[in-house]
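Quick look at protein-v2.txt (compact mmCIF, C-alpha atoms):
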# COMPACT_ATOMS: atom_id res chain seq x y z
CA MET E 494 -14.65 49.31 72.96
CA SER E 495 -15.10 47.71 76.38
CA VAL E 496 -17.47 44.83 77.03
CA ARG E 497 -19.27 46.99 79.58
CA LYS E 498 -20.08 49.68 77.00
CA MET E 499 -21.24 47.08 74.48
CA CYS E 500 -23.54 45.40 77.03
CA LEU E 501 -24.96 48.78 78.05
CA MET E 502 -25.81 49.76 74.47
CA VAL E 503 -27.33 46.34 73.71
CA ALA E 504 -29.43 46.59 76.88
CA MET E 505 -30.66 50.08 75.93
CA CYS E 506 -31.67 48.84 72.48
CA ALA E 507 -33.46 45.85 74.00
CA VAL E 508 -35.45 48.16 76.30
CA ALA E 509 -36.38 50.38 73.35
CA LEU E 510 -37.59 47.37 71.37
CA ALA E 511 -39.62 46.07 74.29
CA ALA E 512 -41.19 49.49 74.84
CA ALA E 513 -42.23 49.92 71.20
CA PRO E 514 -46.04 49.92 70.89
CA ARG E 515 -47.43 46.79 69.21
CA SER E 516 -50.91 45.85 68.15
CA ALA E 517 -52.65 43.04 70.03
CA SER E 518 -53.17 41.35 66.66
CA ALA E 519 -49.49 41.51 65.71
CA ASP E 520 -48.22 38.72 63.46
CA TRP E 521 -44.94 36.83 63.49
CA LEU E 522 -43.18 36.91 60.12
CA VAL E 523 -40.46 34.39 59.26
CA THR E 524 -38.43 35.13 56.11
CA PRO E 525 -35.63 32.84 54.89
CA PHE E 526 -33.66 34.88 52.33
CA VAL E 527 -30.77 34.87 49.89
CA GLY E 528 -28.73 37.99 49.29
CA TRP E 529 -25.85 39.60 47.43
CA ASN E 530 -23.02 41.65 48.94
CA PHE E 531 -21.69 44.72 47.12
CA SER E 532 -20.00 48.14 47.51
CA GLY E 533 -18.03 47.36 50.63
CA SER E 534 -14.68 47.41 52.36
CA ALA E 535 -13.38 44.27 54.04
CA ASP E 536 -10.81 46.23 56.11
CA VAL E 537 -8.44 43.28 56.53
CA ASN E 538 -5.25 44.12 58.44
CA GLY E 539 -2.06 42.11 58.04
CA ASN E 540 1.26 42.11 59.85
CA GLY E 541 3.07 45.44 59.91
CA GLY E 542 -0.17 47.44 59.77
CA ALA E 543 -0.86 46.76 56.09
CA SER E 544 -4.54 47.20 55.25
CA PHE E 545 -6.47 45.50 52.45
CA ASN E 546 -9.73 47.43 52.43
CA ASN E 547 -11.32 46.04 49.28
CA GLN E 548 -10.51 42.36 49.59
CA PHE E 549 -14.05 41.01 49.59
CA GLU E 550 -16.07 38.97 47.12
CA ARG E 551 -19.41 40.04 45.68
CA LYS E 552 -21.04 36.71 46.37
CA LEU E 553 -24.31 35.29 47.59
CA ASP E 554 -25.16 35.14 51.25
CA TYR E 555 -28.19 33.77 53.05
CA GLY E 556 -30.02 33.93 56.36
CA VAL E 557 -33.37 34.32 58.09
CA SER E 558 -35.40 37.17 59.56
CA LEU E 559 -37.92 36.88 62.41
CA ALA E 560 -40.17 39.93 62.68
CA ASN E 561 -43.24 40.97 64.65
CA MET E 562 -45.64 43.44 63.04
CA GLY E 563 -49.32 44.21 63.21
CA ALA E 564 -51.75 46.74 61.77
CA GLY E 565 -49.64 49.60 63.16
CA ALA E 566 -46.53 51.11 61.60
CA VAL E 567 -43.89 49.95 64.11
CA GLY E 568 -42.52 46.47 64.67
CA PHE E 569 -39.31 44.74 65.59
CA GLU E 570 -37.05 42.16 63.98
CA ALA E 571 -34.12 39.82 64.56
CA ASP E 572 -32.00 39.34 61.42
CA PHE E 573 -29.34 36.65 60.96
CA GLY E 574 -27.08 36.66 57.90
CA TYR E 575 -24.20 34.42 56.85
CA SER E 576 -21.76 35.31 54.06
CA PRO E 577 -19.51 32.37 53.15
CA ASN E 578 -16.31 33.13 51.22
CA PHE E 579 -16.74 36.82 52.03
CA PHE E 580 -13.05 37.57 51.52
CA GLU E 581 -11.37 37.23 48.14
CA THR E 582 -9.56 34.00 47.38
CA GLY E 583 -6.54 35.49 45.59
CA THR E 584 -7.98 36.10 42.13
CA ALA E 585 -7.47 39.89 42.19
CA THR E 586 -4.14 41.15 40.86
CA ASN E 587 -3.62 43.45 43.86
CA ASN E 588 -4.24 40.68 46.38
CA ARG E 589 -0.94 39.23 47.54
CA PHE E 590 -2.65 36.81 49.90
CA GLU E 591 -4.81 33.81 49.21
CA PHE E 592 -7.78 33.47 51.55
CA THR E 593 -9.32 30.08 52.19
CA ASN E 594 -12.94 29.16 51.58
CA ASP E 595 -13.51 29.23 55.36
CA SER E 596 -13.35 33.04 55.43
CA ASN E 597 -16.82 34.38 56.24
CA VAL E 598 -18.92 37.06 57.93
CA VAL E 599 -21.85 36.52 60.29
CA THR E 600 -24.32 39.25 61.28
CA LEU E 601 -26.95 39.11 64.02
CA THR E 602 -28.90 42.34 64.56
CA GLY E 603 -31.95 43.47 66.49
CA ASN E 604 -33.90 46.02 64.48
CA VAL E 605 -36.87 48.36 64.56
CA ILE E 606 -39.09 48.31 61.45
CA VAL E 607 -41.26 51.27 60.51
CA GLY E 608 -43.63 50.64 57.63
CA ALA E 609 -47.06 51.83 56.56
CA PRO E 610 -49.50 48.98 55.76
CA ILE E 611 -51.37 49.43 52.49
CA GLY E 612 -54.60 47.54 51.81
CA GLY E 613 -56.37 44.83 53.79
CA HIS E 614 -56.09 43.83 57.45
CA GLY E 615 -52.52 44.42 58.58
CA GLY E 616 -51.58 45.57 55.07
CA SER E 617 -51.19 43.29 52.07
CA VAL E 618 -48.28 45.50 50.89
CA ARG E 619 -45.94 47.26 53.29
CA PRO E 620 -42.98 49.48 52.31
CA TYR E 621 -40.65 49.89 55.28
CA VAL E 622 -37.41 51.23 56.65
CA VAL E 623 -35.36 49.19 59.11
CA GLY E 624 -32.42 49.80 61.40
CA GLY E 625 -30.74 48.44 64.48
CA VAL E 626 -27.57 47.21 66.15
CA GLY E 627 -25.92 43.90 66.89
CA LEU E 628 -23.00 41.58 66.19
CA ILE E 629 -20.78 41.58 63.10
CA ARG E 630 -18.36 38.65 63.27
CA SER E 631 -15.61 38.29 60.66
CA ASN E 632 -13.58 35.13 60.25
CA VAL E 633 -10.45 35.53 58.10
CA GLN E 634 -8.41 32.47 57.10
CA ASP E 635 -5.45 32.75 54.74
CA THR E 636 -3.20 29.99 53.49
CA GLN E 637 -0.02 31.68 54.75
CA HIS E 638 -1.35 32.67 58.22
CA VAL E 639 0.02 36.21 58.08
CA PHE E 640 -3.01 38.07 59.44
CA ASP E 641 -3.12 39.46 62.95
CA VAL E 642 -6.68 38.42 63.80
CA SER E 643 -8.37 35.38 62.31
CA SER E 644 -11.75 35.91 64.06
CA LYS E 645 -13.17 39.20 65.30
CA ASN E 646 -16.44 40.11 67.03
CA ASP E 647 -17.52 43.72 66.45
CA PHE E 648 -20.46 45.79 67.59
CA GLY E 649 -22.17 47.23 64.51
CA PHE E 650 -25.36 48.50 62.94
CA ASP E 651 -27.55 48.06 59.88
CA LEU E 652 -29.85 50.50 58.05
CA GLY E 653 -32.06 49.80 55.07
CA ALA E 654 -35.37 49.90 53.28
CA GLY E 655 -37.58 47.44 51.45
CA VAL E 656 -41.07 46.18 50.78
CA MET E 657 -43.07 43.10 51.72
CA GLY E 658 -46.29 41.91 50.11
CA PHE E 659 -48.65 38.98 50.56
CA PHE E 660 -50.27 37.13 47.67
CA ALA E 661 -52.00 34.70 50.08
CA GLN E 662 -53.22 35.01 53.65
CA ASN E 663 -50.04 33.64 55.20
CA ILE E 664 -47.44 33.63 52.40
CA GLY E 665 -45.73 36.57 50.73
CA LEU E 666 -42.50 37.98 49.36
CA ARG E 667 -40.01 40.40 50.87
CA GLY E 668 -37.00 42.24 49.51
CA ASP E 669 -34.71 44.96 50.85
CA PHE E 670 -31.33 46.65 50.72
CA ARG E 671 -29.30 47.09 53.91
CA TYR E 672 -26.06 48.80 54.83
CA PHE E 673 -23.88 47.12 57.47
CA ARG E 674 -21.01 48.80 59.30
CA SER E 675 -19.05 47.96 62.43
CA PHE E 676 -17.98 50.30 65.23
CA GLN E 677 -14.53 50.75 66.70
CA GLY E 678 -13.25 52.34 69.88
CA SER E 679 -12.67 56.08 69.68
CA SER E 680 -11.54 58.70 72.18
CA ASP E 681 -13.02 61.51 70.08
CA THR E 682 -16.69 60.81 70.85
CA ALA E 683 -18.79 60.94 74.01
CA THR E 684 -19.81 57.30 73.63
CA GLY E 685 -16.28 56.06 73.00
CA LEU E 686 -17.39 54.65 69.63
CA GLY E 687 -16.45 55.54 66.08
CA LEU E 688 -17.10 54.05 62.64
CA SER E 689 -14.66 51.42 61.43
CA ASN E 690 -13.66 50.79 57.81
CA PHE E 691 -15.52 47.49 57.67
CA HIS E 692 -18.77 48.03 55.79
CA TYR E 693 -20.85 46.66 52.91
CA TRP E 694 -24.30 46.61 51.33
CA ARG E 695 -26.58 43.58 51.14
CA GLY E 696 -29.49 43.15 48.78
CA SER E 697 -31.78 40.27 49.68
CA ALA E 698 -35.09 38.62 48.78
CA GLY E 699 -37.08 35.84 50.40
CA VAL E 700 -40.41 34.16 51.01
CA THR E 701 -42.29 35.37 54.09
CA PHE E 702 -44.47 33.09 56.21
CA LYS E 703 -47.00 34.76 58.52
CA PHE E 704 -48.12 33.17 61.82

Represent the structure from my file as structure tokens, please.
Amino acid sequence: MSVRKMCLMVAMCAVALAAAPRSASADWLVTPFVGWNFSGSADVNGNGGASFNNQFERKLDYGVSLANMGAGAVGFEADFGYSPNFFETGTATNNRFEFTNDSNVVTLTGNVIVGAPIGGHGGSVRPYVVGGVGLIRSNVQDTQHVFDVSSKNDFGFDLGAGVMGFFAQNIGLRGDFRYFRSFQGSSDTATGLGLSNFHYWRGSAGVTFKF
């Protein structure tokens, strides 16, 4: 995928987020979180075209979400996630390579949140669905240096659902499940984009602070 196409799609998403209707009394919500990766494919490619699709660890990750929501149903969010030691470190019997502890994945996405507030001003409980696009950066380090690409920046998306609730005026809890997947260049689609084999799920929970 060309840089021009990526910039165009990011710009279109930014315009859509800016045009989304927001209440004048919208609140900023900051949520540091911890998460767990599962059911994914690391899609690591070595020399000679060999692919190691399942070489990822089901380990904790962490990050922070900054969202803007009010009494209405639509808001927007920036989500940052960091998954240290994302790739397996050679413990699996089918893994002929030993990854270092520096192997990781970083995600930075801009999302739209749609959720119906339930109870109280702005909703003390809010189930929601979320989705958007952004950066998925993988950093692969192996002890034998046999992999073609050690760091890779991909355009990708996330989709998920969750719930947030407040037990005090400005403090609450939030949890959700999200699916992350990167795009790859494709000549078979009108946009020039297709789905790559790099994908995984993230479950996360955190404390939300309202401002």

### Task
For region 592-607 of chain E, work out the shell of residues within 7 Å, counting all atoms listed in the file and skipping chain neighbours fewer than 3 positions away, then give it as a ChimeraX atom specification.
/E:510,566-583,621-636

### region 523-534 of chain E surroundings by all atoms listed in the file, 8 Å radius, close-in-sequence under 5 positions cut, as a ChimeraX atom specification
/E:546-560,667,690-703

### Message
To one decimal place in Å, what is the distance between CA of Leu686 (chain E) and CA of Ser644 (chain E)?
### Response
20.3 Å

### Summary
Of E:Pro620, E:Phe650, E:Ala535, E:Leu688, the one sitting nearest Leu666 (chain E) when using all atoms listed in the file is E:Pro620

### Task
For CA of Asn646 (chain E) and CA of Asn561 (chain E), quote the distance in Å rounded to one decimal.
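If I compute the distance from CA of Asn646 (chain E) to CA of Asn561 (chain E), I get 26.9 Å.
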
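Among the candidates E:Phe676, E:Val618, E:Phe704, E:Gly687, the residue lying nearest to Phe659 (chain E) is E:Val618 (atoms considered: all atoms listed in the file).
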
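Look at Ser617 (chain E): the protein and nucleic acid residues within 12 Å of it, using all atoms listed in the file and passing over chain neighbours fewer than 2 places away, are E:Gly563, E:Ala564, E:Gly608, E:Ala609, E:Pro610, E:Ile611, E:Gly612, E:Gly613, E:His614, E:Gly615, E:Arg619, E:Pro620, E:Val656, E:Met657, E:Gly658, E:Phe659, E:Phe660, E:Ala661, E:Gln662, E:Asn663, E:Ile664, E:Gly665, E:Leu666, E:Arg667, E:Lys703.
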
### Distance of CA of Tyr672 (chain E) from CA of Gly653 (chain E), expressed in Å to one decimal place
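Computing it gives 6.1 Å between the two atoms.
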
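Closest approach to Gly668 (chain E) from the set E:Ala654, E:Asp520, E:Ser689, E:Gly649 is made by E:Ala654, with distances taken over all atoms listed in the file.
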